[in-house]
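J.: My file is start36.pdb. It has PDB, C-alpha atoms, pLDDT in the B column:
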ATOM      1  CA  VAL A   1       0.432 -28.552 -65.876  1.00 76.00           C
ATOM      2  CA  TYR A   2       2.581 -27.165 -68.704  1.00 76.00           C
ATOM      3  CA  ALA A   3       5.606 -28.537 -70.535  1.00 78.00           C
ATOM      4  CA  VAL A   4       7.597 -25.474 -71.603  1.00 77.00           C
ATOM      5  CA  ASP A   5      10.597 -25.294 -73.918  1.00 77.00           C
ATOM      6  CA  VAL A   6      13.574 -24.580 -71.660  1.00 74.00           C
ATOM      7  CA  ARG A   7      14.688 -21.829 -74.047  1.00 75.00           C
ATOM      8  CA  GLN A   8      11.589 -19.904 -72.999  1.00 75.00           C
ATOM      9  CA  ALA A   9      12.233 -20.246 -69.274  1.00 70.00           C
ATOM     10  CA  MET A  10      14.151 -16.980 -68.835  1.00 72.00           C
ATOM     11  CA  MET A  11      11.657 -15.098 -70.990  1.00 76.00           C
ATOM     12  CA  ILE A  12       8.788 -16.444 -68.902  1.00 70.00           C
ATOM     13  CA  LEU A  13      10.527 -15.459 -65.664  1.00 68.00           C
ATOM     14  CA  ALA A  14      11.452 -12.026 -66.995  1.00 73.00           C
ATOM     15  CA  ASN A  15       7.887 -11.341 -68.111  1.00 69.00           C
ATOM     16  CA  GLU A  16       6.183 -12.416 -64.881  1.00 64.00           C
ATOM     17  CA  PRO A  17       4.443  -9.523 -63.110  1.00 62.00           C
ATOM     18  CA  ARG A  18       6.639  -8.309 -60.273  1.00 66.00           C
ATOM     19  CA  PHE A  19       4.254  -9.639 -57.631  1.00 71.00           C
ATOM     20  CA  LEU A  20       4.506 -13.225 -58.888  1.00 73.00           C
ATOM     21  CA  SER A  21       7.271 -15.756 -58.513  1.00 75.00           C
ATOM     22  CA  ILE A  22       7.931 -19.391 -59.426  1.00 77.00           C
ATOM     23  CA  THR A  23       8.555 -21.708 -56.501  1.00 80.00           C
ATOM     24  CA  PRO A  24      10.180 -25.135 -57.023  1.00 80.00           C
ATOM     25  CA  ASP A  25       7.898 -27.433 -55.039  1.00 80.00           C
ATOM     26  CA  THR A  26       4.778 -25.793 -53.566  1.00 77.00           C
ATOM     27  CA  GLY A  27       2.464 -27.148 -56.256  1.00 80.00           C
ATOM     28  CA  LEU A  28       1.267 -30.578 -55.111  1.00 83.00           C
ATOM     29  CA  VAL A  29      -0.482 -32.741 -57.723  1.00 85.00           C
ATOM     30  CA  ASP A  30      -2.807 -35.523 -56.586  1.00 86.00           C
ATOM     31  CA  VAL A  31      -1.571 -38.727 -58.194  1.00 88.00           C
ATOM     32  CA  GLN A  32      -4.154 -41.241 -57.036  1.00 81.00           C
ATOM     33  CA  PRO A  33      -7.556 -41.294 -58.807  1.00 75.00           C
ATOM     34  CA  SER A  34     -10.254 -39.277 -57.068  1.00 66.00           C
ATOM     35  CA  SER A  35     -13.809 -38.189 -57.668  1.00 62.00           C
ATOM     36  CA  SER A  36     -12.566 -34.670 -58.488  1.00 66.00           C
ATOM     37  CA  GLY A  37     -11.194 -35.708 -61.865  1.00 75.00           C
ATOM     38  CA  TYR A  38      -8.755 -32.775 -61.865  1.00 80.00           C
ATOM     39  CA  THR A  39      -5.678 -34.941 -62.428  1.00 85.00           C
ATOM     40  CA  THR A  40      -5.760 -36.382 -65.934  1.00 87.00           C
ATOM     41  CA  ASP A  41      -4.595 -39.891 -66.773  1.00 89.00           C
ATOM     42  CA  LEU A  42      -1.680 -38.404 -68.718  1.00 91.00           C
ATOM     43  CA  VAL A  43      -0.396 -36.368 -65.768  1.00 91.00           C
ATOM     44  CA  ARG A  44      -0.978 -39.270 -63.363  1.00 92.00           C
ATOM     45  CA  ASP A  45       0.904 -41.765 -65.546  1.00 93.00           C
ATOM     46  CA  LEU A  46       3.801 -39.368 -66.068  1.00 93.00           C
ATOM     47  CA  MET A  47       4.073 -38.527 -62.358  1.00 93.00           C
ATOM     48  CA  LEU A  48       3.937 -42.195 -61.296  1.00 95.00           C
ATOM     49  CA  HIS A  49       6.782 -42.863 -63.741  1.00 95.00           C
ATOM     50  CA  GLU A  50       8.887 -40.160 -62.088  1.00 95.00           C
ATOM     51  CA  ILE A  51       8.042 -41.430 -58.591  1.00 96.00           C
ATOM     52  CA  ARG A  52       9.363 -44.855 -59.568  1.00 96.00           C
ATOM     53  CA  ALA A  53      12.430 -43.313 -61.250  1.00 95.00           C
ATOM     54  CA  GLN A  54      13.280 -41.458 -58.030  1.00 96.00           C
ATOM     55  CA  ASN A  55      12.597 -44.532 -55.837  1.00 96.00           C
ATOM     56  CA  LYS A  56      10.108 -42.581 -53.720  1.00 96.00           C
ATOM     57  CA  SER A  57       7.448 -44.322 -51.649  1.00 95.00           C
ATOM     58  CA  ASP A  58       4.781 -41.584 -51.532  1.00 94.00           C
ATOM     59  CA  THR A  59       2.453 -42.268 -54.474  1.00 93.00           C
ATOM     60  CA  THR A  60      -0.284 -39.840 -53.388  1.00 90.00           C
ATOM     61  CA  VAL A  61       1.205 -36.497 -54.464  1.00 89.00           C
ATOM     62  CA  VAL A  62       4.079 -35.069 -56.486  1.00 92.00           C
ATOM     63  CA  ALA A  63       5.609 -31.606 -56.079  1.00 92.00           C
ATOM     64  CA  LEU A  64       5.887 -29.351 -59.144  1.00 89.00           C
ATOM     65  CA  PRO A  65       7.078 -25.762 -59.688  1.00 86.00           C
ATOM     66  CA  LEU A  66       4.228 -23.297 -59.148  1.00 81.00           C
ATOM     67  CA  VAL A  67       3.595 -19.668 -60.060  1.00 76.00           C
ATOM     68  CA  THR A  68       2.563 -18.053 -56.792  1.00 75.00           C
ATOM     69  CA  ALA A  69       1.786 -14.563 -55.486  1.00 73.00           C
ATOM     70  CA  VAL A  70       4.390 -12.995 -53.219  1.00 72.00           C
ATOM     71  CA  TRP A  71       2.584  -9.757 -52.338  1.00 72.00           C
ATOM     72  CA  PHE A  72      -1.026  -8.597 -52.022  1.00 67.00           C
ATOM     73  CA  ASP A  73      -2.582  -5.130 -52.068  1.00 68.00           C
ATOM     74  CA  GLY A  74      -6.151  -5.157 -50.809  1.00 65.00           C
ATOM     75  CA  GLU A  75      -6.893  -1.950 -52.689  1.00 67.00           C
ATOM     76  CA  SER A  76      -6.122  -3.316 -56.144  1.00 69.00           C
ATOM     77  CA  HIS A  77      -5.819  -7.130 -56.045  1.00 74.00           C
ATOM     78  CA  LEU A  78      -8.704  -9.595 -55.926  1.00 76.00           C
ATOM     79  CA  PRO A  79      -8.791 -13.182 -54.637  1.00 78.00           C
ATOM     80  CA  SER A  80      -9.820 -15.826 -57.184  1.00 81.00           C
ATOM     81  CA  PRO A  81     -13.382 -17.106 -56.647  1.00 86.00           C
ATOM     82  CA  ILE A  82     -13.715 -20.800 -55.764  1.00 87.00           C
ATOM     83  CA  ILE A  83     -14.860 -23.015 -58.648  1.00 88.00           C
ATOM     84  CA  ASP A  84     -15.148 -26.279 -56.732  1.00 87.00           C
ATOM     85  CA  VAL A  85     -14.719 -27.879 -53.296  1.00 85.00           C
ATOM     86  CA  LEU A  86     -13.358 -31.421 -52.972  1.00 81.00           C
ATOM     87  CA  GLU A  87     -14.573 -34.031 -50.521  1.00 80.00           C
ATOM     88  CA  ASP A  88     -11.647 -33.339 -48.178  1.00 76.00           C
ATOM     89  CA  GLY A  89     -12.488 -29.626 -48.092  1.00 79.00           C
ATOM     90  CA  THR A  90      -9.829 -28.521 -50.598  1.00 77.00           C
ATOM     91  CA  GLU A  91     -11.057 -25.373 -52.370  1.00 80.00           C
ATOM     92  CA  ILE A  92     -10.209 -25.233 -56.084  1.00 83.00           C
ATOM     93  CA  THR A  93      -9.420 -22.086 -58.062  1.00 83.00           C
ATOM     94  CA  ASN A  94      -7.757 -21.579 -61.427  1.00 82.00           C
ATOM     95  CA  PHE A  95      -7.137 -18.517 -63.531  1.00 81.00           C
ATOM     96  CA  PRO A  96      -9.494 -18.948 -66.536  1.00 83.00           C
ATOM     97  CA  GLN A  97     -12.510 -20.390 -64.698  1.00 86.00           C
ATOM     98  CA  SER A  98     -12.142 -18.176 -61.625  1.00 88.00           C
ATOM     99  CA  LEU A  99     -11.771 -15.125 -63.865  1.00 88.00           C
ATOM    100  CA  ALA A 100     -14.916 -16.112 -65.764  1.00 89.00           C
ATOM    101  CA  LYS A 101     -16.812 -16.609 -62.496  1.00 89.00           C
ATOM    102  CA  TRP A 102     -15.699 -13.215 -61.223  1.00 87.00           C
ATOM    103  CA  ALA A 103     -16.805 -11.559 -64.473  1.00 88.00           C
ATOM    104  CA  GLY A 104     -20.094 -13.473 -64.593  1.00 88.00           C
ATOM    105  CA  VAL A 105     -19.452 -15.169 -67.963  1.00 86.00           C
ATOM    106  CA  GLU A 106     -19.199 -18.773 -69.108  1.00 83.00           C
ATOM    107  CA  PRO A 107     -15.630 -20.147 -69.222  1.00 78.00           C
ATOM    108  CA  LEU A 108     -14.225 -19.787 -72.738  1.00 70.00           C
ATOM    109  CA  ASP A 109     -13.555 -23.493 -73.247  1.00 62.00           C
ATOM    110  CA  SER A 110     -17.262 -24.276 -72.787  1.00 54.00           C
ATOM    111  CA  GLN A 111     -18.195 -21.804 -75.541  1.00 53.00           C
ATOM    112  CA  LEU A 112     -15.892 -23.074 -78.296  1.00 49.00           C
ATOM    113  CA  PRO A 113     -17.262 -25.583 -80.823  1.00 48.00           C
ATOM    114  CA  VAL A 114     -16.128 -29.183 -81.043  1.00 42.00           C
ATOM    115  CA  VAL A 115     -13.938 -29.582 -84.129  1.00 41.00           C
ATOM    116  CA  GLY A 116     -16.050 -32.484 -85.375  1.00 40.00           C
ATOM    117  CA  GLU A 117     -19.102 -30.233 -85.460  1.00 41.00           C
ATOM    118  CA  LEU A 118     -17.620 -27.726 -87.885  1.00 39.00           C
ATOM    119  CA  SER A 119     -18.411 -29.793 -90.984  1.00 39.00           C
ATOM    120  CA  THR A 120     -22.139 -29.535 -90.234  1.00 41.00           C
ATOM    121  CA  VAL A 121     -22.174 -25.750 -90.444  1.00 44.00           C
ATOM    122  CA  CYS A 122     -22.738 -25.675 -94.214  1.00 47.00           C
ATOM    123  CA  SER A 123     -22.894 -27.888 -97.275  1.00 46.00           C
ATOM    124  CA  LYS A 124     -22.233 -27.583-101.007  1.00 46.00           C
ATOM    125  CA  ASP A 125     -25.996 -27.466-101.586  1.00 48.00           C
ATOM    126  CA  ASP A 126     -26.328 -24.167 -99.765  1.00 48.00           C
ATOM    127  CA  GLU A 127     -27.488 -21.144-101.738  1.00 50.00           C
ATOM    128  CA  GLY A 128     -24.732 -20.001-104.065  1.00 52.00           C
ATOM    129  CA  GLY A 129     -23.195 -23.478-104.222  1.00 51.00           C
ATOM    130  CA  THR A 130     -20.230 -22.527-102.066  1.00 52.00           C
ATOM    131  CA  CYS A 131     -19.108 -23.571 -98.651  1.00 52.00           C
ATOM    132  CA  PRO A 132     -16.368 -21.934 -96.540  1.00 51.00           C
ATOM    133  CA  SER A 133     -13.339 -24.108 -95.964  1.00 50.00           C
ATOM    134  CA  SER A 134     -13.196 -25.980 -92.670  1.00 47.00           C
ATOM    135  CA  ASP A 135     -10.400 -23.623 -91.589  1.00 48.00           C
ATOM    136  CA  ALA A 136     -12.571 -20.576 -92.275  1.00 47.00           C
ATOM    137  CA  VAL A 137     -15.577 -22.079 -90.532  1.00 46.00           C
ATOM    138  CA  GLY A 138     -13.444 -23.054 -87.560  1.00 49.00           C
ATOM    139  CA  TYR A 139     -11.962 -19.558 -87.413  1.00 45.00           C
ATOM    140  CA  HIS A 140     -15.312 -17.774 -87.345  1.00 48.00           C
ATOM    141  CA  ALA A 141     -16.887 -20.299 -84.983  1.00 51.00           C
ATOM    142  CA  THR A 142     -13.983 -19.829 -82.572  1.00 53.00           C
ATOM    143  CA  VAL A 143     -13.350 -16.079 -82.842  1.00 63.00           C
ATOM    144  CA  GLY A 144     -16.978 -15.102 -82.173  1.00 70.00           C
ATOM    145  CA  PRO A 145     -17.231 -16.650 -78.689  1.00 73.00           C
ATOM    146  CA  GLU A 146     -13.645 -15.696 -77.865  1.00 79.00           C
ATOM    147  CA  LYS A 147     -14.229 -12.019 -78.716  1.00 82.00           C
ATOM    148  CA  SER A 148     -17.468 -11.959 -76.743  1.00 82.00           C
ATOM    149  CA  TYR A 149     -15.739 -13.597 -73.785  1.00 84.00           C
ATOM    150  CA  TRP A 150     -12.844 -11.127 -73.643  1.00 85.00           C
ATOM    151  CA  ASP A 151     -15.125  -8.133 -74.267  1.00 88.00           C
ATOM    152  CA  SER A 152     -17.132  -9.185 -71.217  1.00 87.00           C
ATOM    153  CA  ILE A 153     -13.952  -9.579 -69.149  1.00 87.00           C
ATOM    154  CA  ARG A 154     -12.678  -6.126 -70.158  1.00 89.00           C
ATOM    155  CA  ASN A 155     -16.049  -4.516 -69.434  1.00 90.00           C
ATOM    156  CA  LYS A 156     -16.073  -6.094 -65.969  1.00 88.00           C
ATOM    157  CA  ILE A 157     -12.543  -4.824 -65.289  1.00 86.00           C
ATOM    158  CA  LYS A 158     -13.458  -1.296 -66.424  1.00 89.00           C
ATOM    159  CA  ALA A 159     -16.563  -1.327 -64.233  1.00 88.00           C
ATOM    160  CA  ALA A 160     -14.512  -2.500 -61.244  1.00 83.00           C
ATOM    161  CA  GLU A 161     -11.958   0.260 -61.847  1.00 82.00           C
ATOM    162  CA  ILE A 162     -14.718   2.874 -61.790  1.00 85.00           C
ATOM    163  CA  ASN A 163     -16.540   1.383 -58.798  1.00 83.00           C
ATOM    164  CA  ARG A 164     -13.833  -0.370 -56.831  1.00 78.00           C
ATOM    165  CA  PRO A 165     -15.164  -3.133 -54.584  1.00 74.00           C
ATOM    166  CA  THR A 166     -14.372  -2.889 -50.896  1.00 76.00           C
ATOM    167  CA  VAL A 167     -12.016  -5.404 -49.342  1.00 72.00           C
ATOM    168  CA  GLU A 168     -15.034  -7.078 -47.716  1.00 75.00           C
ATOM    169  CA  GLU A 169     -16.817  -7.363 -51.081  1.00 73.00           C
ATOM    170  CA  ALA A 170     -13.677  -8.720 -52.742  1.00 70.00           C
ATOM    171  CA  GLU A 171     -13.265 -11.391 -50.062  1.00 72.00           C
ATOM    172  CA  GLU A 172     -16.911 -12.483 -50.208  1.00 72.00           C
ATOM    173  CA  HIS A 173     -16.213 -15.311 -52.687  1.00 66.00           C
ATOM    174  CA  ALA A 174     -12.590 -15.940 -51.709  1.00 70.00           C
ATOM    175  CA  PRO A 175     -11.300 -19.297 -50.408  1.00 70.00           C
ATOM    176  CA  SER A 176     -11.708 -19.670 -46.633  1.00 69.00           C
ATOM    177  CA  SER A 177      -7.926 -19.836 -46.268  1.00 64.00           C
ATOM    178  CA  TRP A 178      -7.717 -16.334 -47.771  1.00 65.00           C
ATOM    179  CA  LYS A 179      -8.526 -14.740 -44.427  1.00 64.00           C
ATOM    180  CA  CYS A 180      -5.908 -16.823 -42.629  1.00 61.00           C
ATOM    181  CA  LYS A 181      -2.990 -14.446 -42.153  1.00 58.00           C
ATOM    182  CA  ASN A 182      -0.724 -16.857 -40.287  1.00 59.00           C
ATOM    183  CA  ARG A 183       2.597 -17.652 -41.874  1.00 59.00           C
ATOM    184  CA  ALA A 184       2.904 -21.127 -43.359  1.00 56.00           C
ATOM    185  CA  ARG A 185       5.937 -23.255 -44.128  1.00 57.00           C
ATOM    186  CA  PHE A 186       5.816 -25.272 -47.345  1.00 62.00           C
ATOM    187  CA  GLY A 187       7.965 -28.267 -48.065  1.00 68.00           C
ATOM    188  CA  VAL A 188       8.087 -31.865 -49.173  1.00 82.00           C
ATOM    189  CA  SER A 189       8.805 -35.017 -47.231  1.00 87.00           C
ATOM    190  CA  PRO A 190      11.810 -37.266 -47.960  1.00 90.00           C
ATOM    191  CA  ASP A 191       9.387 -39.808 -49.450  1.00 94.00           C
ATOM    192  CA  MET A 192       7.818 -37.370 -51.927  1.00 93.00           C
ATOM    193  CA  ALA A 193       9.019 -36.923 -55.517  1.00 94.00           C
ATOM    194  CA  ARG A 194       9.886 -33.456 -56.809  1.00 93.00           C
ATOM    195  CA  VAL A 195       9.606 -33.009 -60.568  1.00 92.00           C
ATOM    196  CA  ASN A 196      11.382 -29.671 -60.920  1.00 87.00           C
ATOM    197  CA  TYR A 197      14.034 -30.584 -63.484  1.00 87.00           C
ATOM    198  CA  PRO A 198      14.098 -30.155 -67.283  1.00 86.00           C
ATOM    199  CA  PHE A 199      13.420 -32.927 -69.795  1.00 88.00           C
ATOM    200  CA  LYS A 200      15.241 -32.990 -73.106  1.00 88.00           C
ATOM    201  CA  ALA A 201      12.761 -33.400 -75.948  1.00 88.00           C
ATOM    202  CA  LYS A 202      14.031 -36.891 -76.754  1.00 91.00           C
ATOM    203  CA  ARG A 203      13.820 -37.970 -73.117  1.00 92.00           C
ATOM    204  CA  LEU A 204      10.293 -36.602 -72.709  1.00 92.00           C
ATOM    205  CA  GLU A 205       9.284 -38.457 -75.854  1.00 93.00           C
ATOM    206  CA  GLU A 206      10.808 -41.667 -74.455  1.00 94.00           C
ATOM    207  CA  VAL A 207       9.156 -41.302 -71.050  1.00 94.00           C
ATOM    208  CA  LEU A 208       5.743 -40.647 -72.573  1.00 93.00           C
ATOM    209  CA  ARG A 209       6.134 -43.642 -74.873  1.00 94.00           C
ATOM    210  CA  GLU A 210       7.010 -45.803 -71.864  1.00 94.00           C
ATOM    211  CA  VAL A 211       3.718 -44.876 -70.167  1.00 94.00           C
ATOM    212  CA  GLY A 212       1.622 -45.217 -73.332  1.00 94.00           C
ATOM    213  CA  TYR A 213       1.591 -41.838 -75.097  1.00 94.00           C
ATOM    214  CA  ASP A 214       3.003 -40.176 -78.225  1.00 93.00           C
ATOM    215  CA  ILE A 215       3.809 -36.464 -78.393  1.00 91.00           C
ATOM    216  CA  ASP A 216       3.756 -34.186 -81.427  1.00 89.00           C
ATOM    217  CA  PHE A 217       6.102 -31.309 -80.577  1.00 85.00           C
ATOM    218  CA  ARG A 218       4.950 -29.260 -83.548  1.00 84.00           C
ATOM    219  CA  SER A 219       1.273 -29.202 -82.533  1.00 82.00           C
ATOM    220  CA  GLY A 220       1.851 -29.659 -78.807  1.00 80.00           C
ATOM    221  CA  GLU A 221      -0.575 -32.572 -78.703  1.00 86.00           C
ATOM    222  CA  VAL A 222      -0.134 -35.746 -76.667  1.00 89.00           C
ATOM    223  CA  MET A 223      -2.031 -38.830 -77.861  1.00 90.00           C
ATOM    224  CA  ALA A 224      -2.676 -42.016 -75.873  1.00 90.00           C
ATOM    225  CA  THR A 225      -1.403 -45.177 -77.554  1.00 88.00           C
ATOM    226  CA  LYS A 226      -2.452 -47.631 -74.862  1.00 75.00           C
ATOM    227  CA  VAL A 227      -5.846 -49.341 -74.783  1.00 64.00           C
TER     228      VAL A 227
END
Would you mind writing the file out in structure tokens?

T.:
Amino acid sequence: VYAVDVRQAMMILANEPRFLSITPDTGLVDVQPSSSGYTTDLVRDLMLHEIRAQNKSDTTVVALPLVTAVWFDGESHLPSPIIDVLEDGTEITNFPQSLAKWAGVEPLDSQLPVVGELSTVCSKDDEGGTCPSSDAVGYHATVGPEKSYWDSIRNKIKAAEINRPTVEEAEEHAPSSWKCKNRARFGVSPDMARVNYPFKAKRLEEVLREVGYDIDFRSGEVMATKV
């Protein structure tokens, strides 16, 4: 779930690949806690606030705008591999982890160091009596895994371009619904909240504060203030 500056909205739309679109309410977010853990407390608290603000009775899901594919070419497009299956049978995919699974590499976020660990990389007593700044250490500790990750992705793409997988091979790890070619109608019920409207920065700050969070617009970080 992303909060995007409204001034970037047209640029984002204009730069979407031509086979993608943004739909207003096909992305349904689970609001109630579940064993999956995919909905964070922050998103859950914010969505429950909007459900109450809209006087809606359905507190299980909320509809959000979603980037979705509008066309598929079996000769050049690939389905995203499943990264998890929920108890109710829902099959989970997402771009970074599914891409990593397809390429056979570890997801990038699992390779990056924890910021608190950077200070242990060196000390003033090291040979030469110097120690790189924390920024420099963080840069090198982050860039190494990131470069290796993207090199592996590019190599996988090049290999696939040379030896294109068949449609059957491409669909081997696809969600079960991938092979369902029936048309489907998406929509929301009258009792379901739709959060497809813009927030002014001040209003977003107020709403987050009401549910126990502070936001730093400069860094993009949201910090919990509630115990």

J.: Would you tabulate, counting all atoms listed in the file, all residues of region 22-101 of chain A that have an atom at most 7 Å from an atom of region 154-173 of chain A, showing the closest pair of atoms and their distance in Å to one decimal, sorted by chain then ascending number, as a Markdown table?

T.:
| residue | atom | partner | partner_atom | distance |
| --- | --- | --- | --- | --- |
| A:Gly74 | CA | A:Val167 | CA | 6.1 |
| A:Leu78 | CA | A:Ala170 | CA | 6.0 |
| A:Pro79 | CA | A:Glu171 | CA | 6.6 |
| A:Pro81 | CA | A:His173 | CA | 5.2 |
| A:Ile82 | CA | A:His173 | CA | 6.8 |

J.: Determine, counting only C-alpha atoms, every residue of protein, DNA or RNA that lies within 12 Å of (4.8, -34.3, -48.5) in the file coordinates, then give the result as a list in words.

T.: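 Here is the list of nearby residues: Asp25, Thr26, Gly27, Leu28, Val29, Asp30, Lys56, Ser57, Asp58, Thr59, Thr60, Val61, Val62, Ala63, Leu64, Arg185, Phe186, Gly187, Val188, Ser189, Pro190, Asp191, Met192, Ala193 and Arg194 of chain A.
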
J.: Quick one, how far is CA of Pro65 (chain A) from CA of Val195 (chain A)?

T.: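 Separation of CA of Pro65 (chain A) and CA of Val195 (chain A): 7.7 Å.
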
J.: Measuring atom to atom with all atoms listed in the file, identify which of A:Val4, A:Ala9, A:Leu48, A:Val67 is nearest to Ser21 (chain A).

T.: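 Closest to Ser21 (chain A) of all the choices is A:Val67.
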
J.: Would you translate the PyMOL selection byres ((chain A and resi 225) around 7) into the concrete set of residues it matches in this file, as number ranges by chain?

T.: A: 212-214, 223-224, 226-227

J.: Could you state which residues are captured by the PyMOL selection byres ((chain A and resi 99-102) around 9) in this file, as an NGL selection string?

T.: :A and (80-83 or 94-98 or 103-108 or 149 or 153 or 156 or 173)

J.: What is the CA of Thr23 (chain A)-CA of Asn196 (chain A) distance in Å, reported with one decimal?

T.: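 About the pair CA of Thr23 (chain A) and CA of Asn196 (chain A): they are 9.5 Å apart.
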
J.: Report, as lines of an AutoDock Vina configuration file, the centre and edge lengths in Å (one decimal) of the axis-aligned box enclosing every listed atom of region 143-152 of chain A, padded by 5 Å on each side.

T.:
center_x = -15.2
center_y = -12.4
center_z = -77.0
size_x = 14.6
size_y = 18.5
size_z = 21.6

J.: Point out the residue among A:Val211, A:Thr93, A:Ile22, A:Leu66 with the least atom-to-atom distance to Leu46 (chain A), counting all atoms listed in the file.

T.: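 Residue with the minimum atom-to-atom distance to Leu46 (chain A): A:Val211.
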
J.: Tell me which protein, DNA and RNA residues are within 10 Å of Asp5 (chain A), counting all atoms listed in the file, leaving out same-chain ones fewer than 3 positions away, and put them as a PyMOL selection string.

T.: chain A and resi 2+8-9+198-201

J.: Considering all atoms listed in the file, can you say which of A:Val1, A:Leu86, A:Val31, A:Leu42 comes closest to Ile215 (chain A)?

T.: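 Nearest to Ile215 (chain A): A:Leu42.
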
J.: What is the distance, in Å and to one decimal place, between CA of Arg203 (chain A) and CA of Ala14 (chain A)?

T.: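 Interatomic distance, CA of Arg203 (chain A) to CA of Ala14 (chain A): 26.8 Å.
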
J.: Which one of A:Arg7, A:Phe217, A:Ala53, A:Pro175 sits closest to Val85 (chain A) if you count all atoms listed in the file?

T.: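 Ranking A:Arg7, A:Phe217, A:Ala53, A:Pro175 by distance to Val85 (chain A), first place goes to A:Pro175.
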